[in-house]
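A.B. asks: Provided herewith is a single structure, encoded as structure tokens, for subsequent inquiry.
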Amino acid sequence: MKVLATGAGGFVVGAFMRQLLRRHPDCTVMGIDLPAAGGSTSHAAPRLTKHADVTDRGQVSEIMAAFRPDVVVHGAAMTLVAGDEYSAGERFLETNVRGALNVAIAACESGTVHKFVHLSTGSVYGQQDPPILDPISSVTKPRDYYGITKLSGELIAQRTCELKGVPFIALRLSNVFGGDERPNPLRLRASLPTQAAWAKWQGRRPRVAESTLRAASDWINSSDVGDAIVAACLTESSGAQTFNVASGQVISVAELCRMIDLDVRVVASETALDDRAGDLVGGGMNAANYDITATTQALGWEPPAFADQIHDLVAWCEATKPTTKSDR
Ligand SMILES: NC(=O)c1ccc[n+]([C@@H]2O[C@H](COP(=O)([O-])OP(=O)(O)OC[C@H]3O[C@@H](n4cnc5c(N)ncnc54)[C@H](O)[C@@H]3O)[C@@H](O)[C@H]2O)c1
């Protein structure tokens, strides 16, 4: 099988490619990303790498036509921005919507692609009441430019594939963490479990806001997300389907710190904290329950118990023992 993956220099697609090659070493993988992807295409270890901008349809089509993939995994995205969201609207739109359209058109016109896997996000749901997230029954109410453009990108890629009869699977991921997670020029902050694990193994006692400690989320390990994406690539499917990829379990930050055995300094909720200075800073935590029943049934994928996922993160830290900020 030949797989083309966009966003290959990033955290999640890097984890996917590693899992794919670990489980199916006979696959050929082409990873594409921007030249400025922090040099991280090397840690993802794809078989082949090309620098390309998904906002440039010509570049994407040219690579697709030359490589002739069977499956496309589209993960390239703009996730967080430095500075204010307002001024980044154009970049969100171009990357997350036009980029998705370009990759979907290039896949549909390749004549070789028989599966399009689109990496989407739980942010497309926004705040729900009751907070149960289901791709079929939940309405989508994304709150910010990221969620809005990710939903638009998901829908436009889905429609493009439907029009050309290419089987489409969207995977809406909850909050992903993992030992190999690193801030990059576009995604500035690591997830809270990863920050906590770094703090533990650097022997630090980080500050955390009272409100953050009470917050809760569904987190999932990157290697398990990688396995879910592998399953989506390999599962026979037709038409368009959308699945949640999550642990299906809501964990508070306080509980997470207990599991990692991390001692923290609790400060008032209004204290200004900075993860670059070693504080624990959360984001995107909405205590939502992701329904993963359909995912496990259709893809035959099941996340390990959350305690095992955390054990995996801690084992990674023990093996690499990051000691300074530059080691991240
Ligand atoms: N990390 C999470 O918790 C999480 C949660 C939900 C969904 N997702 C989705 O997973 C995917 C990967 O996210 P991630 O966390 O690994 O982010 P990341 O920032 O680590 O990776 C995204 C990659 O896309 C690349 N990219 C951005 N613009 C591009 C362009 N114009 N052309 C080519 N490449 C471009 C970046 O250089 C980067 O390497 C995204 O689609 C994201 O929406 C991630």
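Quick note on naming: the chains in the structure tokens go A, B, ... in the order shown, residues restart at 1 in each chain, and ligands are numbered from 1 in order of appearance.
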Give the residues close to ligand 1, within 6 Å, counting only C-alpha atoms and all ligand atoms; write them as a short mmCIF file (atom, residue, chain, number, x, y, z; two decimals) with N, CA and C atoms, in the first residue's frame.
C.D. replies:
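Output contents, as saved in selection13.cif:
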```cif
data_model
loop_
_atom_site.label_atom_id
_atom_site.label_comp_id
_atom_site.auth_asym_id
_atom_site.auth_seq_id
_atom_site.Cartn_x
_atom_site.Cartn_y
_atom_site.Cartn_z
N GLY A 7 1.17 17.07 6.45
CA GLY A 7 1.43 17.44 7.85
C GLY A 7 2.40 16.46 8.50
N ALA A 8 3.25 15.85 7.65
CA ALA A 8 4.13 14.77 8.10
C ALA A 8 5.17 15.22 9.11
N GLY A 9 5.49 16.49 9.13
CA GLY A 9 6.48 16.97 10.10
C GLY A 9 5.86 17.23 11.46
N GLY A 10 4.54 17.08 11.56
CA GLY A 10 3.85 17.41 12.81
C GLY A 10 3.75 16.23 13.76
N PHE A 11 3.16 16.49 14.87
CA PHE A 11 3.07 15.55 15.98
C PHE A 11 2.20 14.33 15.63
N VAL A 12 0.96 14.55 15.26
CA VAL A 12 0.01 13.45 15.09
C VAL A 12 0.34 12.61 13.84
N VAL A 13 0.62 13.28 12.73
CA VAL A 13 0.89 12.52 11.50
C VAL A 13 2.23 11.77 11.64
N ASP A 33 5.15 18.22 3.90
CA ASP A 33 4.98 19.30 4.88
C ASP A 33 5.68 20.55 4.35
N LEU A 34 5.51 21.64 5.06
CA LEU A 34 6.20 22.88 4.70
C LEU A 34 7.70 22.72 4.95
N ALA A 37 8.85 23.14 8.77
CA ALA A 37 8.12 22.36 9.79
C ALA A 37 9.02 21.98 10.95
N ALA A 52 6.09 20.70 0.54
CA ALA A 52 5.03 21.29 -0.29
C ALA A 52 4.05 22.01 0.61
N ASP A 53 3.39 23.00 0.03
CA ASP A 53 2.41 23.80 0.75
C ASP A 53 1.03 23.37 0.26
N VAL A 54 0.18 22.91 1.17
CA VAL A 54 -1.13 22.41 0.72
C VAL A 54 -2.02 23.52 0.19
N THR A 55 -1.66 24.77 0.43
CA THR A 55 -2.46 25.86 -0.13
C THR A 55 -2.13 26.06 -1.62
N GLY A 75 -3.50 15.62 7.23
CA GLY A 75 -3.37 16.12 8.60
C GLY A 75 -2.80 17.52 8.68
N ALA A 76 -2.29 18.06 7.55
CA ALA A 76 -1.71 19.40 7.59
C ALA A 76 -2.76 20.39 8.04
N ALA A 77 -2.41 21.20 9.02
CA ALA A 77 -3.39 22.16 9.54
C ALA A 77 -2.68 23.26 10.29
N MET A 78 -3.41 24.34 10.42
CA MET A 78 -3.00 25.42 11.29
C MET A 78 -3.79 25.19 12.58
N THR A 79 -3.10 25.00 13.69
CA THR A 79 -3.81 24.65 14.93
C THR A 79 -3.86 25.82 15.91
N THR A 95 -5.22 27.59 5.08
CA THR A 95 -4.63 26.28 5.39
C THR A 95 -5.70 25.22 5.62
N LEU A 119 -8.03 14.20 8.97
CA LEU A 119 -7.90 14.38 10.42
C LEU A 119 -8.63 15.63 10.85
N SER A 120 -9.68 15.41 11.62
CA SER A 120 -10.48 16.53 12.12
C SER A 120 -10.32 16.58 13.64
N THR A 121 -11.17 17.33 14.29
CA THR A 121 -10.97 17.60 15.71
C THR A 121 -12.28 17.70 16.48
N LEU A 173 -10.47 13.94 16.47
CA LEU A 173 -9.60 13.57 17.58
C LEU A 173 -9.90 14.42 18.81
N SER A 174 -9.79 13.79 19.99
CA SER A 174 -9.89 14.59 21.23
C SER A 174 -8.51 15.22 21.47
N ASN A 175 -8.11 15.46 22.71
CA ASN A 175 -6.81 16.11 22.98
C ASN A 175 -5.70 15.07 22.97
N VAL A 176 -4.76 15.24 22.07
CA VAL A 176 -3.71 14.23 21.90
C VAL A 176 -2.48 14.60 22.73
N LEU A 186 4.17 26.39 14.44
CA LEU A 186 2.72 26.62 14.32
C LEU A 186 1.94 26.15 15.53
N ARG A 187 2.37 25.07 16.14
CA ARG A 187 1.64 24.54 17.30
C ARG A 187 2.52 24.80 18.51
#
```
A.B. asks: As a list in words, please: all residues of stretch 67-105 of chain A that backbone DSSP puts in alpha helix (DSSP H).
C.D. replies: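 Answer for stretch 67-105 of chain A, restricted to alpha helix (DSSP H): Phe67, Gly89, Glu90, Arg91, Phe92, Gly99, Ala100, Leu101, Asn102, Val103, Ala104 and Ile105 of chain A.
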A.B. asks: Mind checking DSSP for stretch 125-181 of chain A and telling me the strand (DSSP E) residues as a list in words?
C.D. replies: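 So the strand (DSSP E) residues in stretch 125-181 of chain A would be Ile132, Leu133, Phe168, Ile169, Ala170, Leu171, Arg172, Leu173, Asn175, Val176 and Phe177 of chain A.
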A.B. asks: Excluding stretch 207-215 of chain A and residues on its chain fewer than 6 positions from it, collect all residues at most 6 Å away from it, counting only C-alpha atoms, and give them as a list in words.
C.D. replies: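 Final neighbour list, sorted by chain and number: Ser252, Val253, Ala254, Val264, Arg265, Val266, Val267, Ala268, Ser269, Asp279 and Leu280 of chain A.
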A.B. asks: Give me a file of those residues, with N, CA, C and O atoms, as an mmCIF file, in the first residue's frame.
C.D. replies:
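Generated output (again_6.cif):
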```cif
data_model
loop_
_atom_site.group_PDB
_atom_site.id
_atom_site.type_symbol
_atom_site.label_atom_id
_atom_site.label_comp_id
_atom_site.auth_asym_id
_atom_site.auth_seq_id
_atom_site.Cartn_x
_atom_site.Cartn_y
_atom_site.Cartn_z
ATOM 1 N N SER A 252 -9.784 14.570 35.166
ATOM 2 C CA SER A 252 -9.461 15.933 35.625
ATOM 3 C C SER A 252 -7.942 16.101 35.665
ATOM 4 O O SER A 252 -7.187 15.113 35.746
ATOM 5 N N VAL A 253 -7.516 17.353 35.654
ATOM 6 C CA VAL A 253 -6.075 17.625 35.711
ATOM 7 C C VAL A 253 -5.516 17.145 37.059
ATOM 8 O O VAL A 253 -4.397 16.619 37.130
ATOM 9 N N ALA A 254 -6.315 17.303 38.114
ATOM 10 C CA ALA A 254 -5.862 16.839 39.438
ATOM 11 C C ALA A 254 -5.599 15.332 39.408
ATOM 12 O O ALA A 254 -4.569 14.847 39.908
ATOM 13 N N VAL A 264 2.387 19.569 42.595
ATOM 14 C CA VAL A 264 2.229 20.887 41.960
ATOM 15 C C VAL A 264 2.042 21.974 43.008
ATOM 16 O O VAL A 264 1.689 21.690 44.154
ATOM 17 N N ARG A 265 2.310 23.211 42.596
ATOM 18 C CA ARG A 265 2.027 24.369 43.456
ATOM 19 C C ARG A 265 0.763 25.031 42.927
ATOM 20 O O ARG A 265 0.766 25.567 41.812
ATOM 21 N N VAL A 266 -0.321 24.977 43.693
ATOM 22 C CA VAL A 266 -1.596 25.511 43.217
ATOM 23 C C VAL A 266 -1.632 27.022 43.487
ATOM 24 O O VAL A 266 -1.363 27.471 44.594
ATOM 25 N N VAL A 267 -1.932 27.776 42.431
ATOM 26 C CA VAL A 267 -2.014 29.236 42.579
ATOM 27 C C VAL A 267 -3.414 29.697 42.182
ATOM 28 O O VAL A 267 -4.175 28.942 41.557
ATOM 29 N N ALA A 268 -3.737 30.931 42.543
ATOM 30 C CA ALA A 268 -5.080 31.466 42.272
ATOM 31 C C ALA A 268 -5.365 31.435 40.773
ATOM 32 O O ALA A 268 -4.455 31.617 39.948
ATOM 33 N N SER A 269 -6.630 31.219 40.447
ATOM 34 C CA SER A 269 -7.026 31.051 39.041
ATOM 35 C C SER A 269 -6.622 32.221 38.162
ATOM 36 O O SER A 269 -6.326 32.059 36.983
ATOM 37 N N ASP A 279 5.349 26.494 33.949
ATOM 38 C CA ASP A 279 4.036 26.330 34.572
ATOM 39 C C ASP A 279 3.207 25.338 33.764
ATOM 40 O O ASP A 279 3.423 25.175 32.554
ATOM 41 N N LEU A 280 2.236 24.701 34.420
ATOM 42 C CA LEU A 280 1.294 23.845 33.688
ATOM 43 C C LEU A 280 0.159 24.723 33.182
ATOM 44 O O LEU A 280 -0.512 25.385 33.964
#
```
A.B. asks: Would you please work out which residue, of A:Gln241, A:Asp129, A:Phe67, A:Val250, is nearest to A:Leu155 when using only C-alpha atoms?
C.D. replies: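 The answer is A:Gln241, which sits nearest to A:Leu155.
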A.B. asks: Could you tell me how far atom CA of A:Trp301 lies from atom CA of A:Val230, in Å and to one decimal?
C.D. replies: 9.4 Å
